[in-house]
$ cat protein.txt   # compact mmCIF, C-alpha atoms
# COMPACT_ATOMS: atom_id res chain seq x y z
CA MET P 1 15.99 283.20 143.31
CA ARG P 2 14.84 280.01 141.63
CA PRO P 3 12.41 280.30 138.68
CA ALA P 4 9.02 278.64 138.83
CA VAL P 5 9.52 276.88 135.48
CA SER P 6 12.56 275.53 133.66
CA VAL P 7 12.03 275.26 129.90
CA VAL P 8 14.22 272.63 128.22
CA ILE P 9 14.88 273.11 124.47
CA PRO P 10 17.19 270.56 122.80
CA THR P 11 18.59 271.77 119.48
CA TYR P 12 21.00 270.71 116.74
CA ASN P 13 22.01 273.18 114.01
CA ARG P 14 18.51 274.57 113.42
CA ASN P 15 18.94 278.20 114.41
CA GLU P 16 16.04 279.53 112.34
CA LEU P 17 13.61 277.11 113.94
CA LEU P 18 15.24 277.56 117.33
CA THR P 19 14.65 281.32 117.10
CA ARG P 20 10.95 280.67 116.52
CA ALA P 21 10.80 278.30 119.50
CA VAL P 22 12.68 280.61 121.88
CA GLU P 23 10.59 283.63 120.93
CA SER P 24 7.39 281.67 121.55
CA VAL P 25 8.62 281.24 125.14
CA LEU P 26 9.77 284.81 125.59
CA SER P 27 6.39 286.10 124.37
CA GLN P 28 4.48 284.24 127.11
CA GLU P 29 2.72 286.53 129.58
CA PHE P 30 3.95 284.33 132.43
CA ASP P 31 7.61 285.26 132.80
CA ASP P 32 8.93 283.45 135.88
CA PHE P 33 11.01 280.96 133.91
CA GLU P 34 14.46 280.03 132.73
CA VAL P 35 15.20 278.63 129.26
CA LEU P 36 17.86 275.93 128.93
CA VAL P 37 19.01 275.60 125.31
CA ILE P 38 20.79 272.23 125.09
CA ASP P 39 23.01 272.35 122.01
CA GLY P 40 23.94 268.93 120.62
CA ALA P 41 26.10 270.49 117.89
CA ARG P 42 27.98 272.75 120.35
CA SER P 43 28.09 275.39 117.63
CA ASP P 44 29.34 278.94 117.99
CA SER P 45 26.35 280.24 116.00
CA THR P 46 23.83 278.74 118.41
CA ARG P 47 25.77 280.02 121.42
CA GLU P 48 25.81 283.52 119.91
CA LEU P 49 22.12 283.31 119.05
CA VAL P 50 21.25 282.60 122.68
CA ARG P 51 23.53 285.37 123.93
CA SER P 52 22.13 287.86 121.39
CA TYR P 53 18.87 288.07 123.32
CA GLY P 54 20.65 289.66 126.26
CA ASP P 55 18.17 287.93 128.55
CA GLY P 56 19.53 286.42 131.75
CA ARG P 57 16.76 283.84 131.76
CA LEU P 58 18.34 282.09 128.76
CA ARG P 59 21.08 279.57 129.49
CA TYR P 60 23.22 278.02 126.76
CA ILE P 61 24.34 274.46 127.64
CA PRO P 62 26.59 272.46 125.27
CA GLN P 63 25.68 268.79 125.15
CA ARG P 64 28.54 266.31 125.56
CA GLY P 65 26.46 263.17 125.01
CA LYS P 66 24.36 262.20 122.01
CA GLY P 67 20.69 262.10 121.15
CA ILE P 68 17.44 263.72 122.19
CA ALA P 69 17.05 261.63 125.35
CA ASP P 70 20.50 262.64 126.59
CA ALA P 71 19.72 266.30 125.81
CA ARG P 72 16.47 266.25 127.75
CA ASN P 73 18.15 264.46 130.65
CA LEU P 74 20.85 267.11 130.76
CA GLY P 75 18.12 269.75 130.88
CA VAL P 76 16.36 267.98 133.74
CA LYS P 77 19.61 267.74 135.70
CA LYS P 78 20.44 271.42 135.17
CA ALA P 79 16.90 272.70 135.78
CA ARG P 80 16.28 274.87 138.85
CA GLY P 81 12.53 275.38 138.54
CA GLU P 82 9.77 273.70 140.50
CA TYR P 83 8.27 272.64 137.18
CA ILE P 84 9.96 271.49 133.98
CA ALA P 85 8.45 272.15 130.56
CA PHE P 86 9.79 270.73 127.32
CA LEU P 87 9.87 272.37 123.89
CA ASP P 88 11.46 270.83 120.80
CA ASP P 89 13.35 273.34 118.69
CA ASP P 90 11.01 272.94 115.70
CA ASP P 91 7.82 273.43 117.74
CA GLN P 92 6.11 276.60 118.94
CA TRP P 93 4.14 277.52 122.04
CA LEU P 94 0.96 279.54 121.71
CA PRO P 95 -0.04 282.41 124.04
CA GLY P 96 -1.08 281.45 127.57
CA LYS P 97 0.60 278.06 127.60
CA LEU P 98 2.80 278.51 130.68
CA GLU P 99 0.34 280.59 132.66
CA LEU P 100 -2.52 278.13 132.24
CA GLN P 101 -0.40 275.15 133.26
CA VAL P 102 1.14 276.82 136.32
CA GLU P 103 -2.26 278.06 137.52
CA LEU P 104 -3.76 274.61 137.03
CA PHE P 105 -0.93 272.99 139.00
CA LYS P 106 -1.64 275.36 141.89
CA SER P 107 -5.24 274.13 142.03
CA LEU P 108 -4.41 270.41 141.89
CA PRO P 109 -3.57 267.96 144.67
CA ILE P 110 0.09 267.00 144.95
CA ALA P 111 -0.71 263.58 143.43
CA TYR P 112 -0.93 265.28 140.03
CA GLY P 113 2.58 265.46 138.61
CA LEU P 114 2.10 266.17 134.89
CA ILE P 115 -0.11 268.45 132.79
CA TYR P 116 -0.36 268.17 129.02
CA THR P 117 -2.40 270.08 126.46
CA ALA P 118 -4.03 269.71 123.09
CA PHE P 119 -1.78 270.59 120.15
CA ASN P 120 -1.98 271.42 116.47
CA TYR P 121 -0.23 269.45 113.75
CA TYR P 122 1.32 272.39 111.93
CA TYR P 123 2.60 271.93 108.36
CA LEU P 124 5.57 274.25 108.54
CA GLU P 125 6.31 274.52 104.83
CA ARG P 126 2.77 275.64 103.99
CA ASN P 127 1.97 277.51 107.19
CA LYS P 128 -1.11 275.32 107.63
CA ILE P 129 -2.77 273.45 110.50
CA LEU P 130 -3.48 269.86 109.41
CA GLY P 131 -5.49 268.91 112.48
CA THR P 132 -5.59 269.01 116.26
CA LYS P 133 -4.85 266.24 118.76
CA ARG P 134 -6.91 266.66 121.92
CA PRO P 135 -6.43 265.03 125.33
CA LYS P 136 -8.12 261.66 125.70
CA ALA P 137 -7.44 260.84 129.34
CA ARG P 138 -6.94 262.37 132.78
CA GLY P 139 -6.06 261.07 136.22
CA ASN P 140 -4.63 257.56 136.07
CA VAL P 141 -3.66 257.34 132.40
CA TYR P 142 -1.40 254.28 132.58
CA ARG P 143 -3.72 251.94 130.66
CA HIS P 144 -4.17 254.56 127.93
CA LEU P 145 -0.42 255.05 127.56
CA LEU P 146 0.12 251.31 127.25
CA LYS P 147 -1.56 251.56 123.85
CA ASP P 148 -0.82 255.07 122.57
CA ASN P 149 1.31 258.08 123.30
CA ILE P 150 -1.59 260.33 124.24
CA THR P 151 0.69 263.32 124.86
CA GLY P 152 3.01 265.58 122.89
CA THR P 153 6.31 266.32 124.61
CA SER P 154 6.24 270.03 123.73
CA THR P 155 2.91 270.32 125.55
CA ILE P 156 4.11 268.81 128.81
CA MET P 157 4.88 270.39 132.16
CA VAL P 158 6.09 268.14 135.00
CA ARG P 159 6.80 268.61 138.68
CA ARG P 160 10.60 268.33 138.77
CA GLU P 161 10.51 265.99 141.77
CA CYS P 162 8.65 263.37 139.69
CA PHE P 163 11.83 262.55 137.78
CA LYS P 164 13.44 261.45 141.05
CA ARG P 165 10.83 258.71 141.32
CA ALA P 166 10.24 257.83 137.66
CA GLY P 167 13.82 258.13 136.45
CA LEU P 168 15.07 259.94 133.34
CA PHE P 169 14.60 259.41 129.61
CA ARG P 170 16.09 256.10 128.51
CA GLU P 171 18.92 256.76 126.08
CA ASN P 172 18.84 253.28 124.49
CA PHE P 173 15.55 254.10 122.73
CA VAL P 174 15.98 255.05 119.05
CA THR P 175 12.59 256.78 119.08
CA CYS P 176 9.55 256.70 121.38
CA GLU P 177 11.81 257.67 124.31
CA ASP P 178 9.23 260.30 125.23
CA TRP P 179 6.36 257.77 125.17
CA ASP P 180 8.39 255.43 127.36
CA MET P 181 9.09 258.31 129.78
CA TRP P 182 5.46 259.36 130.15
CA LEU P 183 4.34 255.74 130.52
CA ARG P 184 6.77 255.31 133.41
CA MET P 185 5.75 258.70 134.80
CA SER P 186 2.08 257.63 134.79
CA ARG P 187 2.92 254.87 137.26
CA ILE P 188 3.98 257.36 139.93
CA CYS P 189 1.62 260.31 139.44
CA LEU P 190 -1.71 261.45 138.02
CA PHE P 191 -2.05 263.46 134.81
CA GLU P 192 -4.25 266.48 134.09
CA ALA P 193 -4.95 268.01 130.69
CA ILE P 194 -5.95 271.28 129.06
CA ASP P 195 -8.33 270.91 126.13
CA SER P 196 -7.18 274.03 124.27
CA PRO P 197 -4.38 273.59 121.69
CA LEU P 198 -1.44 275.53 123.14
CA VAL P 199 1.35 274.16 120.94
CA ASN P 200 2.06 273.98 117.21
CA TYR P 201 3.77 270.63 116.61
CA SER P 202 5.65 271.08 113.35
CA ILE P 203 5.46 268.70 110.40
CA HIS P 204 8.23 269.26 107.87
CA SER P 205 10.42 267.47 105.32
CA GLY P 206 13.31 265.44 106.64
CA GLN P 207 11.56 264.89 109.95
CA PHE P 208 10.02 261.46 109.50
CA SER P 209 11.98 258.18 109.51
CA PHE P 210 9.58 255.25 109.50
CA SER P 211 12.31 252.67 110.15
CA ARG P 212 13.43 254.55 113.26
CA TYR P 213 9.83 254.92 114.42
CA LEU P 214 9.28 251.17 114.00
CA ALA P 215 12.43 250.46 116.01
CA GLY P 216 10.99 252.60 118.79
CA ARG P 217 7.64 250.80 118.70
CA TYR P 218 9.28 247.40 118.94
CA ARG P 219 11.48 248.70 121.76
CA MET P 220 8.34 249.78 123.65
CA ILE P 221 6.99 246.24 123.37
CA GLU P 222 10.29 244.77 124.50
CA ALA P 223 10.74 247.16 127.43
CA HIS P 224 7.27 246.93 128.97
CA GLY P 225 5.95 243.62 130.24
CA ASP P 226 2.44 245.07 130.55
CA ILE P 227 2.48 245.42 126.76
CA ARG P 228 4.40 242.26 125.89
CA HIS P 229 2.46 239.89 128.15
CA ASP P 230 -1.06 241.27 127.62
CA PRO P 231 -2.60 239.73 124.47
CA GLN P 232 -5.11 242.57 124.12
CA VAL P 233 -2.53 245.36 124.36
CA LEU P 234 0.09 243.54 122.29
CA SER P 235 -2.44 242.80 119.54
CA TYR P 236 -3.29 246.51 119.39
CA HIS P 237 0.38 247.44 118.90
CA LEU P 238 0.93 244.76 116.26
CA LEU P 239 -2.20 245.75 114.35
CA GLN P 240 -1.12 249.40 114.29
CA ILE P 241 2.40 248.50 113.22
CA GLY P 242 1.12 246.12 110.55
CA ILE P 243 -1.28 248.64 109.03
CA LEU P 244 1.40 251.34 108.90
CA LYS P 245 3.87 248.90 107.34
CA LEU P 246 1.36 247.94 104.65
CA PHE P 247 0.66 251.58 103.81
CA SER P 248 4.42 252.14 103.50
CA GLY P 249 4.66 249.27 101.01
CA ASP P 250 6.20 246.79 103.43
CA ARG P 251 4.36 243.48 102.92
CA THR P 252 5.72 242.04 106.15
CA GLY P 253 3.04 244.15 107.80
CA GLY P 254 0.63 241.37 106.92
CA THR P 255 2.48 239.10 109.35
CA ASP P 256 2.01 241.63 112.15
CA VAL P 257 -1.70 241.94 111.34
CA LEU P 258 -2.17 238.15 111.34
CA ARG P 259 -0.34 237.82 114.64
CA ALA P 260 -2.53 240.57 116.11
CA PHE P 261 -5.70 238.67 115.22
CA LYS P 262 -4.28 235.39 116.52
CA LEU P 263 -3.69 237.07 119.88
CA ASN P 264 -7.14 238.69 119.94
CA PRO P 265 -9.40 237.24 117.19
CA THR P 266 -12.39 239.47 117.96
CA MET P 267 -10.26 242.52 118.82
CA ARG P 268 -12.10 242.52 122.15
CA GLY P 269 -11.38 245.73 124.02
CA ASN P 270 -9.49 247.10 121.03
CA LEU P 271 -12.01 247.72 118.29
CA GLN P 272 -12.96 251.26 119.26
CA ASP P 273 -9.31 252.19 119.88
CA VAL P 274 -8.19 250.65 116.60
CA LEU P 275 -10.83 252.50 114.59
CA GLY P 276 -9.99 255.74 116.40
CA SER P 277 -6.31 255.19 115.65
CA ILE P 278 -6.91 254.55 111.95
CA PHE P 279 -8.85 257.79 111.57
CA ASP P 280 -6.60 259.80 113.90
CA VAL P 281 -4.95 262.82 112.30
CA ARG P 282 -1.51 261.43 113.23
CA THR P 283 -2.13 258.27 111.17
CA LYS P 284 -3.37 260.37 108.27
CA ILE P 285 -0.13 262.38 108.39
CA TYR P 286 1.96 259.18 108.35
CA ILE P 287 0.03 257.91 105.34
CA LEU P 288 0.37 261.22 103.49
CA LYS P 289 4.12 261.09 104.10
CA PHE P 290 4.28 257.53 102.76
CA LEU P 291 2.43 258.67 99.63
CA GLY P 292 4.78 261.64 99.17
CA ARG P 293 2.02 264.19 99.73
CA LEU P 294 3.79 265.86 102.67
$ encode --input "protein.txt" --output "structure tokens"
Amino acid sequence: MRPAVSVVIPTYNRNELLTRAVESVLSQEFDDFEVLVIDGARSDSTRELVRSYGDGRLRYIPQRGKGIADARNLGVKKARGEYIAFLDDDDQWLPGKLELQVELFKSLPIAYGLIYTAFNYYYLERNKILGTKRPKARGNVYRHLLKDNITGTSTIMVRRECFKRAGLFRENFVTCEDWDMWLRMSRICLFEAIDSPLVNYSIHSGQFSFSRYLAGRYRMIEAHGDIRHDPQVLSYHLLQIGILKLFSGDRTGGTDVLRAFKLNPTMRGNLQDVLGSIFDVRTKIYILKFLGRL
């Protein structure tokens, strides 16, 4: 019998964190699921960890390709559930996450293909919540996703059939492959959201690579004509990138800021979003990392 939900957990030599992630799934009251642990390291210790649970719902799958996008794609291909939920190995689900999303899907028209939730930024090394990111859009969220990744991948549940129409994660993205995926997904289905934080998104040392993040941002601009050819949207991206570069000590960020204002001198249509972005908890976390405070 097929499970209602397939949970895809990519991992790579992080068994302690993986244990935390897996147990946050197993402790859900809703139990009609399978868990696909996609192991990029193909390690004996991870295989034995999965088997040690003695739970037939857990499936260990060695990854032959490379990267997070390939791992998630392998999970999507192997999934048997009507819905697919994603959980990164360093994140943690909170009680009620699966049940609330499945019940909400049952009440929604078929046009809704994705449900995401609020999530906590959780500072793992100090066992502390730094802030909460709450949903900012529902329904047709395409224009919102052109500017910002409004979702967190570990919060998301998707109707499996949506991947047949939207395609899979693009493996030529260094980062932001999830943002690209959800932007493409928003073109073929509506999104719904749950306002309660149901995921702890972990912040920890060794996690953040600003150069890789920047490569992903520039790749987003390159890959999406609705960003690249819209002066308002492109100026928003360049302003964000420029500000983050300047905070990181990269003076070339000034060039990005100047180009942003040349494209949209009054920041028409962007001012509220820009201010919200600057004071967003995610930006604060980036800045604290640049300053060596996290």
$ closest_residue --input "protein.txt" --among "P:Arg159, P:Thr19, P:Tyr83, P:Leu36" --to "P:Pro3" --atoms "all atoms listed in the file"
P:Tyr83
$ atom_distance --input "protein.txt" --atom1 "atom CA of P:Arg165" --atom2 "atom CA of P:Leu214"
28.4 Å
$ closest_residue --input "protein.txt" --among "P:Pro135, P:Leu190, P:Tyr122, P:Val25" --to "P:Ile110" --atoms "only C-alpha atoms"
P:Leu190
$ closest_residue --input "protein.txt" --among "P:Val141, P:Ile68, P:Val35, P:Leu49" --to "P:Tyr12" --atoms "all atoms listed in the file"
P:Ile68
$ atom_distance --input "protein.txt" --atom1 "atom CA of P:Met220" --atom2 "atom CA of P:Gly253"
17.6 Å
